[in-house]
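Participant: Just passing along the structure, written as structure tokens.
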Amino acid sequence: MAESGENSSNYTVLQFSLETGPDQQPTQRSTKWGSYRSVEAAFEDAKCRAHDLRDHLQSLPTTREPTVIDTEWGYDLRIGPLTVHRLWVHENVSHRQQLP
């Protein structure tokens with residue numbers, strides 16, 4: 001736990017997905033998957049979700065093999081050059097006021 005006057009962080013896993021909307025136009029959807037006290041737990045969750053998505057896409061009849069790319073901020077799932085899912089770990093910092 002942070003002492004008074006210190007920063008306290010938690011880490012959120014966010015998923016951005018490229019999808020086809022009802023009008024057949026590309027659209028982006030975002031999903032918040034949860035908050036974690038450690039950056040390691042957040043990255044592990046993002047990695048598991050990226051691999052689960054890859055496994056799901058592999059079961060569909062697509063022309064290209066999906067690939068999970070490890071990035072500085074999380075994981076991208078690509079089909080060819082197109083990023084179709086991005087799982088980002090975002091740090092939320094709260095500043096506690098110094099007590100007198």
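We name chains A, B, ... following the order of the structure tokens; residues begin at 1 in each chain, and ligands are numbered from 1 as shown.
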Write out as a VMD selection string the set of residues from chain A that DSSP, computed on the backbone, places in strand (DSSP E or B).
Facilitator: chain A and resid 7 to 20 26 to 36 66 to 70 74 to 79 82 to 95
Participant: Restricting it to N, CA and C atoms, dump the selection as a short mmCIF file (atom, residue, chain, number, x, y, z; two decimals), in the first residue's frame.
Facilitator:
data_model
loop_
_atom_site.label_atom_id
_atom_site.label_comp_id
_atom_site.auth_asym_id
_atom_site.auth_seq_id
_atom_site.Cartn_x
_atom_site.Cartn_y
_atom_site.Cartn_z
N ASN A 7 2.45 7.83 -5.00
CA ASN A 7 1.55 7.43 -6.07
C ASN A 7 1.12 5.98 -5.88
N SER A 8 -0.11 5.69 -6.22
CA SER A 8 -0.63 4.33 -6.17
C SER A 8 -1.08 3.98 -7.59
N SER A 9 -0.68 2.82 -8.10
CA SER A 9 -1.02 2.43 -9.46
C SER A 9 -1.85 1.17 -9.49
N ASN A 10 -2.71 1.10 -10.48
CA ASN A 10 -3.30 -0.18 -10.86
C ASN A 10 -3.26 -0.22 -12.38
N TYR A 11 -3.44 -1.39 -12.93
CA TYR A 11 -3.24 -1.60 -14.36
C TYR A 11 -4.51 -2.20 -14.96
N THR A 12 -4.97 -1.62 -16.04
CA THR A 12 -6.20 -2.04 -16.70
C THR A 12 -5.85 -2.70 -18.03
N VAL A 13 -6.55 -3.79 -18.35
CA VAL A 13 -6.41 -4.44 -19.65
C VAL A 13 -7.56 -3.95 -20.53
N LEU A 14 -7.21 -3.33 -21.64
CA LEU A 14 -8.18 -2.82 -22.61
C LEU A 14 -8.01 -3.57 -23.92
N GLN A 15 -9.13 -3.91 -24.56
CA GLN A 15 -9.08 -4.57 -25.87
C GLN A 15 -9.74 -3.66 -26.89
N PHE A 16 -9.02 -3.42 -27.99
CA PHE A 16 -9.55 -2.68 -29.13
C PHE A 16 -9.67 -3.67 -30.28
N SER A 17 -10.85 -3.74 -30.87
CA SER A 17 -11.09 -4.71 -31.94
C SER A 17 -11.62 -4.03 -33.18
N LEU A 18 -11.10 -4.43 -34.32
CA LEU A 18 -11.59 -3.97 -35.61
C LEU A 18 -12.65 -4.96 -36.07
N GLU A 19 -13.86 -4.46 -36.31
CA GLU A 19 -14.97 -5.33 -36.68
C GLU A 19 -15.72 -4.72 -37.86
N THR A 20 -16.61 -5.51 -38.42
CA THR A 20 -17.49 -5.03 -39.47
C THR A 20 -18.82 -4.69 -38.84
N PRO A 26 -16.11 -0.91 -41.63
CA PRO A 26 -15.23 -1.21 -40.49
C PRO A 26 -15.53 -0.28 -39.32
N THR A 27 -15.49 -0.85 -38.14
CA THR A 27 -15.73 -0.09 -36.92
C THR A 27 -14.82 -0.62 -35.83
N GLN A 28 -14.60 0.18 -34.81
CA GLN A 28 -13.76 -0.25 -33.69
C GLN A 28 -14.62 -0.41 -32.45
N ARG A 29 -14.36 -1.48 -31.72
CA ARG A 29 -15.04 -1.73 -30.44
C ARG A 29 -13.96 -1.80 -29.36
N SER A 30 -14.26 -1.26 -28.21
CA SER A 30 -13.31 -1.36 -27.10
C SER A 30 -13.99 -2.03 -25.92
N THR A 31 -13.20 -2.82 -25.18
CA THR A 31 -13.68 -3.55 -24.02
C THR A 31 -12.66 -3.41 -22.90
N LYS A 32 -13.15 -3.13 -21.69
CA LYS A 32 -12.27 -3.11 -20.52
C LYS A 32 -12.41 -4.46 -19.85
N TRP A 33 -11.30 -5.18 -19.66
CA TRP A 33 -11.33 -6.53 -19.12
C TRP A 33 -11.06 -6.61 -17.63
N GLY A 34 -10.62 -5.58 -17.01
CA GLY A 34 -10.38 -5.66 -15.57
C GLY A 34 -9.18 -4.84 -15.15
N SER A 35 -9.05 -4.70 -13.84
CA SER A 35 -7.94 -3.95 -13.24
C SER A 35 -7.13 -4.87 -12.34
N TYR A 36 -5.83 -4.64 -12.31
CA TYR A 36 -4.90 -5.49 -11.58
C TYR A 36 -3.95 -4.64 -10.76
N PRO A 66 -3.49 -16.02 -38.19
CA PRO A 66 -3.36 -14.93 -37.22
C PRO A 66 -2.06 -15.06 -36.43
N THR A 67 -1.47 -13.92 -36.09
CA THR A 67 -0.20 -13.87 -35.39
C THR A 67 -0.32 -12.96 -34.16
N VAL A 68 0.21 -13.42 -33.03
CA VAL A 68 0.26 -12.59 -31.82
C VAL A 68 1.62 -11.90 -31.80
N ILE A 69 1.59 -10.57 -31.67
CA ILE A 69 2.81 -9.76 -31.62
C ILE A 69 2.94 -9.16 -30.23
N ASP A 70 4.06 -9.40 -29.57
CA ASP A 70 4.36 -8.84 -28.25
C ASP A 70 4.83 -7.40 -28.48
N GLY A 74 1.49 -4.20 -24.71
CA GLY A 74 0.61 -5.35 -24.58
C GLY A 74 0.82 -6.32 -25.73
N TYR A 75 -0.28 -6.68 -26.39
CA TYR A 75 -0.22 -7.68 -27.47
C TYR A 75 -1.15 -7.26 -28.60
N ASP A 76 -0.66 -7.42 -29.83
CA ASP A 76 -1.47 -7.20 -31.02
C ASP A 76 -1.75 -8.55 -31.66
N LEU A 77 -2.93 -8.69 -32.21
CA LEU A 77 -3.29 -9.88 -32.97
C LEU A 77 -3.49 -9.42 -34.40
N ARG A 78 -2.67 -9.94 -35.30
CA ARG A 78 -2.69 -9.50 -36.70
C ARG A 78 -3.03 -10.65 -37.62
N ILE A 79 -3.71 -10.28 -38.68
CA ILE A 79 -3.92 -11.18 -39.81
C ILE A 79 -3.26 -10.48 -40.99
N LEU A 82 -2.76 -6.46 -41.09
CA LEU A 82 -3.88 -5.80 -40.43
C LEU A 82 -3.98 -6.20 -38.95
N THR A 83 -3.93 -5.22 -38.06
CA THR A 83 -4.14 -5.48 -36.64
C THR A 83 -5.64 -5.54 -36.41
N VAL A 84 -6.14 -6.71 -35.99
CA VAL A 84 -7.58 -6.88 -35.79
C VAL A 84 -7.98 -6.80 -34.33
N HIS A 85 -7.04 -7.08 -33.42
CA HIS A 85 -7.27 -6.93 -31.98
C HIS A 85 -6.00 -6.39 -31.36
N ARG A 86 -6.18 -5.50 -30.40
CA ARG A 86 -5.05 -4.97 -29.65
C ARG A 86 -5.42 -5.04 -28.18
N LEU A 87 -4.58 -5.69 -27.40
CA LEU A 87 -4.79 -5.79 -25.95
C LEU A 87 -3.71 -4.95 -25.28
N TRP A 88 -4.12 -3.87 -24.69
CA TRP A 88 -3.20 -2.92 -24.07
C TRP A 88 -3.30 -2.97 -22.57
N VAL A 89 -2.16 -2.78 -21.93
CA VAL A 89 -2.11 -2.62 -20.48
C VAL A 89 -1.91 -1.14 -20.22
N HIS A 90 -2.86 -0.55 -19.51
CA HIS A 90 -2.85 0.89 -19.23
C HIS A 90 -2.65 1.10 -17.74
N GLU A 91 -1.71 1.97 -17.39
CA GLU A 91 -1.47 2.27 -15.99
C GLU A 91 -2.36 3.42 -15.54
N ASN A 92 -3.07 3.19 -14.45
CA ASN A 92 -3.88 4.24 -13.82
C ASN A 92 -3.17 4.67 -12.56
N VAL A 93 -2.80 5.92 -12.47
CA VAL A 93 -2.06 6.42 -11.32
C VAL A 93 -2.97 7.36 -10.54
N SER A 94 -3.07 7.12 -9.25
CA SER A 94 -3.79 8.06 -8.38
C SER A 94 -2.78 8.69 -7.44
N HIS A 95 -2.90 9.97 -7.26
CA HIS A 95 -1.99 10.71 -6.38
C HIS A 95 -2.69 10.94 -5.05
#
Participant: As an mmCIF file with N, CA and C atoms, in the first residue's frame, please: every residue in segment 3-97 of chain A that a backbone DSSP assignment puts in helix (DSSP H, G or I).
Facilitator:
data_model
loop_
_atom_site.group_PDB
_atom_site.id
_atom_site.type_symbol
_atom_site.label_atom_id
_atom_site.label_comp_id
_atom_site.auth_asym_id
_atom_site.auth_seq_id
_atom_site.Cartn_x
_atom_site.Cartn_y
_atom_site.Cartn_z
ATOM 1 N N VAL A 39 1.570 -5.059 -12.615
ATOM 2 C CA VAL A 39 1.697 -4.985 -14.070
ATOM 3 C C VAL A 39 1.896 -6.384 -14.657
ATOM 4 N N GLU A 40 2.555 -7.268 -13.889
ATOM 5 C CA GLU A 40 2.771 -8.636 -14.367
ATOM 6 C C GLU A 40 1.455 -9.382 -14.548
ATOM 7 N N ALA A 41 0.534 -9.224 -13.597
ATOM 8 C CA ALA A 41 -0.776 -9.887 -13.705
ATOM 9 C C ALA A 41 -1.563 -9.338 -14.890
ATOM 10 N N ALA A 42 -1.486 -8.034 -15.111
ATOM 11 C CA ALA A 42 -2.199 -7.427 -16.241
ATOM 12 C C ALA A 42 -1.644 -7.939 -17.572
ATOM 13 N N PHE A 43 -0.307 -7.994 -17.698
ATOM 14 C CA PHE A 43 0.287 -8.489 -18.940
ATOM 15 C C PHE A 43 -0.028 -9.967 -19.155
ATOM 16 N N GLU A 44 -0.052 -10.750 -18.090
ATOM 17 C CA GLU A 44 -0.383 -12.175 -18.221
ATOM 18 C C GLU A 44 -1.817 -12.351 -18.715
ATOM 19 N N ASP A 45 -2.749 -11.552 -18.185
ATOM 20 C CA ASP A 45 -4.135 -11.616 -18.640
ATOM 21 C C ASP A 45 -4.240 -11.211 -20.107
ATOM 22 N N ALA A 46 -3.572 -10.127 -20.481
ATOM 23 C CA ALA A 46 -3.604 -9.668 -21.874
ATOM 24 C C ALA A 46 -3.033 -10.734 -22.812
ATOM 25 N N LYS A 47 -1.948 -11.377 -22.398
ATOM 26 C CA LYS A 47 -1.321 -12.419 -23.215
ATOM 27 C C LYS A 47 -2.260 -13.609 -23.399
ATOM 28 N N CYS A 48 -2.886 -14.055 -22.313
ATOM 29 C CA CYS A 48 -3.831 -15.183 -22.401
ATOM 30 C C CYS A 48 -4.996 -14.848 -23.318
ATOM 31 N N ARG A 49 -5.528 -13.635 -23.205
ATOM 32 C CA ARG A 49 -6.640 -13.223 -24.060
ATOM 33 C C ARG A 49 -6.216 -13.171 -25.529
ATOM 34 N N ALA A 50 -5.010 -12.675 -25.805
ATOM 35 C CA ALA A 50 -4.520 -12.614 -27.186
ATOM 36 C C ALA A 50 -4.388 -14.013 -27.781
ATOM 37 N N HIS A 51 -3.864 -14.949 -27.004
ATOM 38 C CA HIS A 51 -3.704 -16.315 -27.498
ATOM 39 C C HIS A 51 -5.059 -17.019 -27.658
ATOM 40 N N ASP A 52 -6.007 -16.733 -26.759
ATOM 41 C CA ASP A 52 -7.358 -17.290 -26.919
ATOM 42 C C ASP A 52 -8.019 -16.764 -28.194
ATOM 43 N N LEU A 53 -7.851 -15.470 -28.461
ATOM 44 C CA LEU A 53 -8.405 -14.891 -29.694
ATOM 45 C C LEU A 53 -7.755 -15.508 -30.930
ATOM 46 N N ARG A 54 -6.433 -15.698 -30.870
ATOM 47 C CA ARG A 54 -5.723 -16.338 -31.983
ATOM 48 C C ARG A 54 -6.267 -17.737 -32.225
ATOM 49 N N ASP A 55 -6.458 -18.511 -31.165
ATOM 50 C CA ASP A 55 -6.986 -19.868 -31.306
ATOM 51 C C ASP A 55 -8.387 -19.848 -31.917
ATOM 52 N N HIS A 56 -9.203 -18.885 -31.496
ATOM 53 C CA HIS A 56 -10.553 -18.769 -32.058
ATOM 54 C C HIS A 56 -10.495 -18.437 -33.559
ATOM 55 N N LEU A 57 -9.645 -17.469 -33.914
ATOM 56 C CA LEU A 57 -9.534 -17.090 -35.330
ATOM 57 C C LEU A 57 -8.980 -18.230 -36.183
ATOM 58 N N GLN A 58 -8.091 -19.039 -35.609
ATOM 59 C CA GLN A 58 -7.541 -20.168 -36.347
ATOM 60 C C GLN A 58 -8.618 -21.195 -36.671
#
